[in-house]
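Heads up: the structure comes next, in structure tokens.
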Amino acid sequence: MTNLRWGLVGASTIAAQHMIDAFRANGGKVVAVMSTNADRALKFAERHRIARTTTSLEDLVQASDVDAVYISTTNELHRAQVFAAAKSGKAVLCEKPLALTLDDARAMVAECRSRGVILGTNHHLRNAATHRAMREAIQEGRIGKPLFARVFHAVYLPPHLQSWRIEKPEAGGGVVMDITVHDADTLRFVLDDEPVAVSAMTSRGGMGREGLEDGVMGVLRFSSGALAQFHDAFTTKFAATGFEVHGELGSLIGRDCMTQAPKGEVFLRTAAGEESLSIQHENLYARSVRLFQDAVAARGAPSANGQDGVKSLSVAVATLEAARSRAETPIDLRV
Ligand code: NDP
């Protein structure tokens, strides 16, 4: 079985803008969508040519024509929905952050493992050709030992997304849960290293409400000794994104690459001069789905699995604690 029949949990923007196309691009079918609002579900289904709607999670996950469940609801709901899907024996691709707490995220991983179902975390950025090219260049020794990395991921949250992310702490709002988790995953992937501690400061630049941060700057310490600086925000209309790694023998400069679109470029600077790495762009979400589909068919692993989701969440949790306590905070990497 490779052409999965998907059930969607959540009539969400990410499903509408990226994931439905990614499922179909891989030969998959979207057979049903579940929403808590029947009218929204119907409109969503009509707009995206989905045959069936439901307001019942149980109906969706138990349906015999659903092979895999994609969960893209607000973050506080992921845990119960992953448990329900796993109980029905369905493979699960869950959005980041996996959950609001590490205990919940670990329980989700353990549940999927014990039920023998595949769990993927939809960290799209490790699927970017730019980040894969940087990882490969590092593994080939082209910059020597990595010493520093810098992540530029400050963006402007578009008006249609200015809802729970900026006003609902209980839904896992805030820029750290939303964007820093992606930085953490991309850094772990590109550097092939684990972050062990973080220092950070958060800010409120006029968008976050109910005490939620809408900006953060921080520094991660990796087990190799490398340091990584990150800057994430919802409030910067004109900033560019980027990802850099500076090693003993060279620097990798990724530009315009912390995005959902398959774009961006990477330059390698060494004693020999500067060259542009050859990048074959591919839709990030389509690649994520392709690897997930292969994993379900026992041909590999999801690009980011459940453990990766626990680890990126752990960085987010430690970042918030570091900002609160104003102290370098250890990162708990137990999965
Ligand atoms: P949305 O706000 O679009 O959707 C989240 C939930 O809000 C839906 O499940 C839906 O509930 C409800 N909803 C949708 N539209 C409306 C509306 N008009 N009025 C009231 N409620 C509505 O969230 P996103 O798509 O931005 O994010 C969903 C998840 O995906 C999050 O976990 C997020 O972190 C993640 N995400 C991941 C990205 C990635 O690149 N990996 C990118 C963007 C988001 P219902 O379930 O009842 O239909």
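Ordering of the structure tokens sets the chain letters (A, B, ...), residue numbers begin anew at 1 in every chain, and ligands are numbered from 1 in the order given.
Listed by chain and then residue number, the contacts of ligand 1 are Val9, Gly10, Ala11, Ser12, Thr13, Ile14, Ala15, Met34, Ser35, Thr36, Asn37, Arg40, Ala41, Ser72, Thr73, Thr74, Asn75, Glu95, Lys96, Pro97, Asn122, His123, His124, Leu161, Ser163, Trp164, Asp178 and Gln260 of chain A (distance at most 7 Å, using only C-alpha atoms and all ligand atoms).
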Selection: 9 Å around Ala99 of chain A, only C-alpha atoms, excl. self and same-chain fewer than 4 positions, as a PyMOL selection string: chain A and resi 75-79+103-105+108+172+309-310+313
Got time to write the residues from that selection, N, CA and C atoms, as a PDB file, in the first residue's frame?
```
ATOM      1  N   ASN A  75      -2.877  23.261  19.011  1.00  0.00           N
ATOM      2  CA  ASN A  75      -1.898  22.339  19.593  1.00  0.00           C
ATOM      3  C   ASN A  75      -2.363  21.565  20.830  1.00  0.00           C
ATOM      4  N   GLU A  76      -3.301  22.130  21.580  1.00  0.00           N
ATOM      5  CA  GLU A  76      -3.736  21.447  22.799  1.00  0.00           C
ATOM      6  C   GLU A  76      -4.564  20.205  22.486  1.00  0.00           C
ATOM      7  N   LEU A  77      -5.003  20.078  21.229  1.00  0.00           N
ATOM      8  CA  LEU A  77      -5.863  18.953  20.852  1.00  0.00           C
ATOM      9  C   LEU A  77      -5.084  17.764  20.290  1.00  0.00           C
ATOM     10  N   HIS A  78      -3.817  17.991  19.945  1.00  0.00           N
ATOM     11  CA  HIS A  78      -3.062  16.949  19.240  1.00  0.00           C
ATOM     12  C   HIS A  78      -2.985  15.633  20.028  1.00  0.00           C
ATOM     13  N   ARG A  79      -2.746  15.755  21.333  1.00  0.00           N
ATOM     14  CA  ARG A  79      -2.540  14.533  22.117  1.00  0.00           C
ATOM     15  C   ARG A  79      -3.733  13.572  22.016  1.00  0.00           C
ATOM     16  N   ASP A 103       5.615  15.584  28.723  1.00  0.00           N
ATOM     17  CA  ASP A 103       4.980  14.339  29.163  1.00  0.00           C
ATOM     18  C   ASP A 103       3.954  13.876  28.129  1.00  0.00           C
ATOM     19  N   ASP A 104       3.152  14.833  27.645  1.00  0.00           N
ATOM     20  CA  ASP A 104       2.143  14.472  26.640  1.00  0.00           C
ATOM     21  C   ASP A 104       2.802  13.975  25.357  1.00  0.00           C
ATOM     22  N   ALA A 105       3.819  14.691  24.902  1.00  0.00           N
ATOM     23  CA  ALA A 105       4.467  14.315  23.637  1.00  0.00           C
ATOM     24  C   ALA A 105       5.101  12.928  23.754  1.00  0.00           C
ATOM     25  N   MET A 108       2.484  10.293  23.583  1.00  0.00           N
ATOM     26  CA  MET A 108       1.995  10.083  22.208  1.00  0.00           C
ATOM     27  C   MET A 108       2.942   9.151  21.444  1.00  0.00           C
ATOM     28  N   GLY A 172      -1.549  26.700  22.999  1.00  0.00           N
ATOM     29  CA  GLY A 172      -0.145  26.596  22.597  1.00  0.00           C
ATOM     30  C   GLY A 172       0.258  27.731  21.688  1.00  0.00           C
ATOM     31  N   GLY A 309       9.772  15.157  17.111  1.00  0.00           N
ATOM     32  CA  GLY A 309       8.767  16.105  17.609  1.00  0.00           C
ATOM     33  C   GLY A 309       8.919  16.365  19.101  1.00  0.00           C
ATOM     34  N   VAL A 310       9.277  15.322  19.851  1.00  0.00           N
ATOM     35  CA  VAL A 310       9.516  15.499  21.291  1.00  0.00           C
ATOM     36  C   VAL A 310      10.723  16.426  21.490  1.00  0.00           C
ATOM     37  N   LEU A 313      10.018  20.062  20.671  1.00  0.00           N
ATOM     38  CA  LEU A 313       9.188  20.631  21.743  1.00  0.00           C
ATOM     39  C   LEU A 313      10.030  20.899  22.981  1.00  0.00           C
TER      40      LEU A 313
END
```
Any idea what's packed within 12 Å of segment 204-212 of chain A, counting only C-alpha atoms, ignoring anything in its chain fewer than 4 positions away? Could you give it as an NGL selection string? :A and (156-159 or 161-178 or 216-217 or 232-236 or 320 or 324)
Just write the chosen residues, N, CA and C atoms, as a JSON list (two decimals), in the first residue's frame.
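Output saved as part_29.json:
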```
[["chain", "number", "residue", "atom", "x", "y", "z"],
["A", 156, "TYR", "N", 6.25, 37.93, 9.47],
["A", 156, "TYR", "CA", 5.04, 38.67, 9.84],
["A", 156, "TYR", "C", 3.88, 37.69, 9.76],
["A", 157, "LEU", "N", 3.19, 37.52, 10.89],
["A", 157, "LEU", "CA", 2.04, 36.61, 10.92],
["A", 157, "LEU", "C", 0.92, 37.26, 10.11],
["A", 158, "PRO", "N", 0.48, 36.62, 9.01],
["A", 158, "PRO", "CA", -0.52, 37.28, 8.17],
["A", 158, "PRO", "C", -1.84, 37.45, 8.91],
["A", 159, "PRO", "N", -2.62, 38.47, 8.54],
["A", 159, "PRO", "CA", -3.87, 38.76, 9.25],
["A", 159, "PRO", "C", -4.78, 37.55, 9.42],
["A", 161, "LEU", "N", -4.07, 34.63, 10.02],
["A", 161, "LEU", "CA", -3.59, 33.71, 11.07],
["A", 161, "LEU", "C", -3.46, 34.40, 12.43],
["A", 162, "GLN", "N", -3.90, 35.64, 12.50],
["A", 162, "GLN", "CA", -3.77, 36.37, 13.77],
["A", 162, "GLN", "C", -4.94, 36.01, 14.69],
["A", 163, "SER", "N", -4.93, 34.76, 15.14],
["A", 163, "SER", "CA", -6.02, 34.29, 16.02],
["A", 163, "SER", "C", -5.41, 33.58, 17.22],
["A", 164, "TRP", "N", -5.59, 32.27, 17.33],
["A", 164, "TRP", "CA", -5.15, 31.54, 18.54],
["A", 164, "TRP", "C", -3.65, 31.68, 18.79],
["A", 165, "ARG", "N", -2.84, 31.86, 17.73],
["A", 165, "ARG", "CA", -1.38, 31.96, 17.94],
["A", 165, "ARG", "C", -0.99, 33.17, 18.80],
["A", 166, "ILE", "N", -1.83, 34.22, 18.76],
["A", 166, "ILE", "CA", -1.46, 35.43, 19.49],
["A", 166, "ILE", "C", -2.36, 35.71, 20.68],
["A", 167, "GLU", "N", -3.39, 34.87, 20.86],
["A", 167, "GLU", "CA", -4.30, 35.18, 21.96],
["A", 167, "GLU", "C", -4.68, 34.00, 22.85],
["A", 168, "LYS", "N", -4.19, 32.81, 22.54],
["A", 168, "LYS", "CA", -4.63, 31.66, 23.34],
["A", 168, "LYS", "C", -3.45, 30.86, 23.88],
["A", 169, "PRO", "N", -2.97, 31.22, 25.07],
["A", 169, "PRO", "CA", -1.89, 30.41, 25.67],
["A", 169, "PRO", "C", -2.32, 28.96, 25.83],
["A", 170, "GLU", "N", -3.60, 28.74, 26.12],
["A", 170, "GLU", "CA", -4.07, 27.37, 26.37],
["A", 170, "GLU", "C", -4.09, 26.53, 25.09],
["A", 171, "ALA", "N", -3.98, 27.17, 23.92],
["A", 171, "ALA", "CA", -3.93, 26.42, 22.66],
["A", 171, "ALA", "C", -2.49, 26.26, 22.18],
["A", 172, "GLY", "N", -1.55, 26.70, 23.00],
["A", 172, "GLY", "CA", -0.14, 26.60, 22.60],
["A", 172, "GLY", "C", 0.26, 27.73, 21.69],
["A", 173, "GLY", "N", -0.32, 28.92, 21.94],
["A", 173, "GLY", "CA", 0.06, 30.09, 21.15],
["A", 173, "GLY", "C", 1.44, 30.59, 21.53],
["A", 174, "GLY", "N", 1.87, 31.66, 20.83],
["A", 174, "GLY", "CA", 3.19, 32.23, 21.09],
["A", 174, "GLY", "C", 4.18, 31.80, 20.03],
["A", 175, "VAL", "N", 5.15, 32.66, 19.80],
["A", 175, "VAL", "CA", 6.08, 32.43, 18.69],
["A", 175, "VAL", "C", 7.04, 31.27, 18.98],
["A", 176, "VAL", "N", 7.31, 30.99, 20.24],
["A", 176, "VAL", "CA", 8.26, 29.92, 20.55],
["A", 176, "VAL", "C", 7.67, 28.55, 20.17],
["A", 177, "MET", "N", 6.43, 28.31, 20.59],
["A", 177, "MET", "CA", 5.78, 27.04, 20.24],
["A", 177, "MET", "C", 5.55, 26.95, 18.73],
["A", 178, "ASP", "N", 5.38, 28.11, 18.09],
["A", 178, "ASP", "CA", 5.04, 28.10, 16.67],
["A", 178, "ASP", "C", 6.27, 28.01, 15.78],
["A", 216, "VAL", "N", 11.34, 36.41, 19.90],
["A", 216, "VAL", "CA", 12.32, 35.75, 20.77],
["A", 216, "VAL", "C", 13.68, 35.77, 20.09],
["A", 217, "MET", "N", 14.70, 35.95, 20.92],
["A", 217, "MET", "CA", 16.08, 35.73, 20.47],
["A", 217, "MET", "C", 16.72, 34.82, 21.50],
["A", 232, "ASP", "N", 13.20, 34.66, 16.14],
["A", 232, "ASP", "CA", 11.87, 34.35, 15.61],
["A", 232, "ASP", "C", 10.90, 35.45, 16.00],
["A", 233, "ALA", "N", 10.00, 35.78, 15.12],
["A", 233, "ALA", "CA", 9.00, 36.80, 15.45],
["A", 233, "ALA", "C", 7.78, 36.67, 14.55],
["A", 234, "PHE", "N", 6.67, 37.25, 15.05],
["A", 234, "PHE", "CA", 5.43, 37.36, 14.26],
["A", 234, "PHE", "C", 5.28, 38.77, 13.70],
["A", 235, "THR", "N", 6.16, 39.67, 14.08],
["A", 235, "THR", "CA", 5.89, 41.10, 13.94],
["A", 235, "THR", "C", 6.78, 41.84, 12.94],
["A", 236, "THR", "N", 7.64, 41.13, 12.23],
["A", 236, "THR", "CA", 8.60, 41.82, 11.35],
["A", 236, "THR", "C", 8.14, 41.70, 9.90],
["A", 320, "LEU", "N", 11.26, 28.80, 26.69],
["A", 320, "LEU", "CA", 10.32, 29.60, 27.49],
["A", 320, "LEU", "C", 10.77, 29.67, 28.95],
["A", 324, "ARG", "N", 11.89, 32.95, 31.08],
["A", 324, "ARG", "CA", 11.23, 33.25, 32.36],
["A", 324, "ARG", "C", 12.26, 33.39, 33.49]]
```
Using DSSP on the backbone, list every residue of segment 120-165 of chain A that comes out as alpha helix (DSSP H), and give them as a CSV table (one decimal) with all heavy atoms, in the first residue's frame.
```csv
chain,number,residue,atom,x,y,z
A,129,ALA,N,15.4,21.6,0.1
A,129,ALA,CA,16.6,21.2,-0.6
A,129,ALA,C,17.8,22.0,-0.1
A,129,ALA,O,18.9,21.5,0.0
A,129,ALA,CB,16.4,21.4,-2.1
A,130,THR,N,17.5,23.3,0.3
A,130,THR,CA,18.6,24.1,0.9
A,130,THR,C,19.2,23.5,2.2
A,130,THR,O,20.4,23.4,2.3
A,130,THR,CB,18.0,25.5,1.2
A,130,THR,OG1,16.8,25.3,1.9
A,130,THR,CG2,17.8,26.3,0.0
A,131,HIS,N,18.3,23.1,3.1
A,131,HIS,CA,18.8,22.5,4.3
A,131,HIS,C,19.5,21.1,4.1
A,131,HIS,O,20.4,20.8,4.8
A,131,HIS,CB,17.7,22.5,5.4
A,131,HIS,CG,17.1,23.8,5.7
A,131,HIS,ND1,15.8,24.1,5.7
A,131,HIS,CD2,17.8,25.0,5.9
A,131,HIS,CE1,15.6,25.4,5.9
A,131,HIS,NE2,16.8,25.9,6.0
A,132,ARG,N,18.9,20.4,3.2
A,132,ARG,CA,19.6,19.1,2.9
A,132,ARG,C,21.0,19.3,2.3
A,132,ARG,O,21.9,18.6,2.6
A,132,ARG,CB,18.7,18.3,2.0
A,132,ARG,CG,17.4,17.8,2.8
A,132,ARG,CD,16.6,16.8,2.0
A,132,ARG,NE,15.8,17.5,1.0
A,132,ARG,CZ,15.8,17.2,-0.3
A,132,ARG,NH1,16.6,16.2,-0.8
A,132,ARG,NH2,15.1,17.9,-1.2
A,133,ALA,N,21.1,20.3,1.5
A,133,ALA,CA,22.4,20.6,0.9
A,133,ALA,C,23.4,21.1,1.9
A,133,ALA,O,24.6,20.7,1.9
A,133,ALA,CB,22.2,21.7,-0.2
A,134,MET,N,22.9,21.8,2.9
A,134,MET,CA,23.8,22.3,4.0
A,134,MET,C,24.3,21.1,4.8
A,134,MET,O,25.4,21.0,5.2
A,134,MET,CB,23.2,23.4,4.8
A,134,MET,CG,23.2,24.7,4.1
A,134,MET,SD,22.7,26.1,5.2
A,134,MET,CE,21.0,26.2,4.8
A,135,ARG,N,23.3,20.2,5.2
A,135,ARG,CA,23.7,19.0,6.0
A,135,ARG,C,24.7,18.2,5.2
A,135,ARG,O,25.7,17.8,5.8
A,135,ARG,CB,22.4,18.2,6.2
A,135,ARG,CG,22.6,16.9,7.0
A,135,ARG,CD,21.3,16.2,7.1
A,135,ARG,NE,21.4,14.8,7.4
A,135,ARG,CZ,21.3,14.2,8.6
A,135,ARG,NH1,21.1,14.9,9.6
A,135,ARG,NH2,21.5,12.9,8.7
A,136,GLU,N,24.5,18.0,3.9
A,136,GLU,CA,25.4,17.2,3.1
A,136,GLU,C,26.8,17.8,3.1
A,136,GLU,O,27.8,17.1,3.3
A,136,GLU,CB,24.8,17.1,1.7
A,136,GLU,CG,25.3,15.9,1.0
A,136,GLU,CD,24.5,15.8,-0.4
A,136,GLU,OE1,23.3,15.6,-0.4
A,136,GLU,OE2,25.2,16.0,-1.4
A,137,ALA,N,26.8,19.1,2.9
A,137,ALA,CA,28.1,19.8,2.8
A,137,ALA,C,28.9,19.7,4.1
A,137,ALA,O,30.1,19.4,4.2
A,137,ALA,CB,27.9,21.3,2.5
A,138,ILE,N,28.2,19.7,5.2
A,138,ILE,CA,28.8,19.6,6.6
A,138,ILE,C,29.3,18.1,6.7
A,138,ILE,O,30.5,17.9,7.1
A,138,ILE,CB,27.9,19.9,7.7
A,138,ILE,CG1,27.6,21.4,7.7
A,138,ILE,CG2,28.4,19.5,9.1
A,138,ILE,CD1,26.4,21.9,8.6
A,139,GLN,N,28.5,17.2,6.3
A,139,GLN,CA,28.9,15.8,6.4
A,139,GLN,C,30.1,15.4,5.5
A,139,GLN,O,30.9,14.6,5.8
A,139,GLN,CB,27.7,14.9,6.2
A,139,GLN,CG,26.7,15.1,7.4
A,139,GLN,CD,25.6,14.0,7.4
A,139,GLN,OE1,25.4,13.3,6.5
A,139,GLN,NE2,24.9,14.0,8.6
A,164,TRP,N,-5.6,32.3,17.3
A,164,TRP,CA,-5.1,31.5,18.5
A,164,TRP,C,-3.6,31.7,18.8
A,164,TRP,O,-3.2,31.7,19.9
A,164,TRP,CB,-5.6,30.1,18.4
A,164,TRP,CG,-5.0,29.3,17.2
A,164,TRP,CD1,-5.6,29.2,16.0
A,164,TRP,CD2,-3.8,28.6,17.1
A,164,TRP,NE1,-4.8,28.5,15.2
A,164,TRP,CE2,-3.7,28.1,15.8
A,164,TRP,CE3,-2.7,28.4,18.0
A,164,TRP,CZ2,-2.6,27.4,15.4
A,164,TRP,CZ3,-1.6,27.7,17.6
A,164,TRP,CH2,-1.6,27.2,16.3
A,165,ARG,N,-2.8,31.9,17.7
A,165,ARG,CA,-1.4,32.0,17.9
A,165,ARG,C,-1.0,33.2,18.8
A,165,ARG,O,0.1,33.2,19.4
A,165,ARG,CB,-0.7,32.1,16.6
A,165,ARG,CG,-0.5,30.8,15.8
A,165,ARG,CD,0.2,31.1,14.5
A,165,ARG,NE,0.5,30.0,13.8
A,165,ARG,CZ,-0.3,29.3,13.0
A,165,ARG,NH1,-1.6,29.7,12.9
A,165,ARG,NH2,0.1,28.2,12.4
```
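Across A:Glu321, A:Asp185, A:Glu328, A:Glu140, the tightest approach to Ser303 of chain A is made by A:Asp185 when counting only C-alpha atoms.
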Applying 10 Å and only C-alpha atoms, which residues near segment 262-274 of chain A remain after dropping the ones on its own chain fewer than 5 positions away? List them as a VMD selection string. chain A and resid 125 127 to 131 133 to 134 137 142 to 143 241 to 257 279 to 285
Output N, CA and C atoms for every residue in that selection, as a compact mmCIF listing (two decimals), in the first residue's frame.
```
# COMPACT_ATOMS: atom_id res chain seq x y z
N LEU A 125 10.75 21.92 7.33
CA LEU A 125 11.99 22.57 6.89
C LEU A 125 13.16 21.61 6.66
N ASN A 127 12.89 19.11 5.05
CA ASN A 127 12.67 18.63 3.68
C ASN A 127 13.13 19.63 2.62
N ALA A 128 13.55 20.81 3.05
CA ALA A 128 13.98 21.82 2.08
C ALA A 128 15.31 21.40 1.45
N ALA A 129 15.39 21.57 0.14
CA ALA A 129 16.63 21.19 -0.58
C ALA A 129 17.80 22.02 -0.06
N THR A 130 17.54 23.25 0.35
CA THR A 130 18.61 24.10 0.89
C THR A 130 19.20 23.48 2.16
N HIS A 131 18.34 23.07 3.07
CA HIS A 131 18.83 22.52 4.34
C HIS A 131 19.48 21.15 4.15
N ALA A 133 21.08 20.32 1.47
CA ALA A 133 22.40 20.61 0.86
C ALA A 133 23.39 21.06 1.93
N MET A 134 22.94 21.83 2.91
CA MET A 134 23.84 22.28 3.98
C MET A 134 24.28 21.10 4.85
N ALA A 137 26.83 19.12 2.90
CA ALA A 137 28.14 19.81 2.82
C ALA A 137 28.89 19.66 4.14
N ARG A 142 33.02 19.96 4.27
CA ARG A 142 33.40 21.13 3.47
C ARG A 142 33.60 22.40 4.29
N ILE A 143 33.06 22.44 5.51
CA ILE A 143 33.33 23.62 6.36
C ILE A 143 34.09 23.21 7.62
N THR A 241 14.56 35.78 5.68
CA THR A 241 14.92 34.59 6.45
C THR A 241 16.27 34.05 5.99
N GLY A 242 16.88 33.26 6.86
CA GLY A 242 18.17 32.68 6.50
C GLY A 242 18.63 31.66 7.52
N PHE A 243 19.66 30.93 7.14
CA PHE A 243 20.21 29.88 8.01
C PHE A 243 21.70 29.79 7.67
N GLU A 244 22.55 30.02 8.65
CA GLU A 244 24.00 30.00 8.39
C GLU A 244 24.69 29.01 9.32
N VAL A 245 25.74 28.38 8.82
CA VAL A 245 26.60 27.57 9.67
C VAL A 245 28.04 27.98 9.39
N HIS A 246 28.76 28.28 10.44
CA HIS A 246 30.14 28.74 10.31
C HIS A 246 31.06 27.71 10.94
N GLY A 247 31.97 27.16 10.12
CA GLY A 247 32.87 26.13 10.60
C GLY A 247 34.32 26.58 10.57
N GLU A 248 35.18 25.65 10.99
CA GLU A 248 36.62 25.98 11.04
C GLU A 248 37.20 26.27 9.67
N LEU A 249 36.62 25.63 8.62
CA LEU A 249 37.21 25.76 7.28
C LEU A 249 36.33 26.52 6.30
N GLY A 250 35.12 26.84 6.72
CA GLY A 250 34.24 27.53 5.78
C GLY A 250 32.91 27.90 6.40
N SER A 251 32.15 28.65 5.63
CA SER A 251 30.82 29.07 6.09
C SER A 251 29.77 28.71 5.04
N LEU A 252 28.62 28.27 5.52
CA LEU A 252 27.47 28.03 4.64
C LEU A 252 26.47 29.13 4.91
N ILE A 253 26.07 29.82 3.86
CA ILE A 253 25.16 30.94 4.00
C ILE A 253 23.88 30.61 3.24
N GLY A 254 22.83 30.27 3.97
CA GLY A 254 21.54 29.98 3.34
C GLY A 254 20.67 31.23 3.39
N ARG A 255 20.12 31.60 2.24
CA ARG A 255 19.30 32.80 2.17
C ARG A 255 17.88 32.45 1.73
N ASP A 256 16.90 33.10 2.37
CA ASP A 256 15.50 32.97 1.94
C ASP A 256 15.02 31.52 2.05
N CYS A 257 15.53 30.79 3.05
CA CYS A 257 15.28 29.35 3.10
C CYS A 257 14.41 28.90 4.28
N ILE A 279 21.17 23.35 -6.01
CA ILE A 279 19.97 23.03 -5.22
C ILE A 279 18.85 22.58 -6.17
N GLN A 280 18.35 21.36 -5.97
CA GLN A 280 17.17 20.91 -6.75
C GLN A 280 15.94 21.05 -5.86
N HIS A 281 15.23 22.14 -6.04
CA HIS A 281 14.09 22.39 -5.16
C HIS A 281 12.97 21.37 -5.37
N GLU A 282 12.33 21.04 -4.27
CA GLU A 282 11.18 20.13 -4.30
C GLU A 282 10.18 20.64 -3.27
N ASN A 283 8.90 20.51 -3.54
CA ASN A 283 7.90 20.94 -2.56
C ASN A 283 8.16 20.27 -1.21
N LEU A 284 8.32 21.08 -0.16
CA LEU A 284 8.72 20.56 1.16
C LEU A 284 7.67 19.61 1.73
N TYR A 285 6.41 20.00 1.57
CA TYR A 285 5.33 19.20 2.17
C TYR A 285 5.12 17.91 1.37
```
Find, counting only C-alpha atoms, the residue in A:Thr259, A:Thr180, A:Ser56, A:Thr101 that gets nearest to Ala38 of chain A. A:Ser56
Which of segment 26-273 of chain A fall in strand (DSSP E or B), as an MDAnalysis selection string: chainID A and resid 29:34 52:54 68:71 91:94 119:121 146:154 156 195:203 215:222 227:233 235 242:247 250:255 265:270 273
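Counting only C-alpha atoms and comparing A:Val296, A:Val69, A:Leu191, A:Leu220, the residue that lies closest to Val315 of chain A is A:Leu220.
Taking atom CA of Cys94 of chain A and atom CA of Tyr70 of chain A as the two end points, the separation is 5.9 Å.
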Using atom CA of Pro330 of chain A and atom CA of Val198 of chain A as the two end points, give the distance in Å to one decimal. 6.5 Å
Determine the nearest neighbour of Phe222 of chain A from the options A:Gly116, A:Leu187, A:Ala239, A:Ser314, counting only C-alpha atoms. A:Leu187
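The residue that comes closest to Leu333 of chain A, out of A:Arg5, A:Arg290, A:Arg299, A:Arg106 and on the basis of only C-alpha atoms, is A:Arg106.
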Neighbours of Ala286 of chain A within 7 Å (only C-alpha atoms; same-chain residues fewer than 3 positions away dropped), as a PyMOL selection string? chain A and resi 22-23+25-26+283+289-290
When distances are computed from only C-alpha atoms, which of A:Met19, A:Leu4, A:Ile331, A:Glu213 shows the smallest separation from Arg287 of chain A? A:Met19
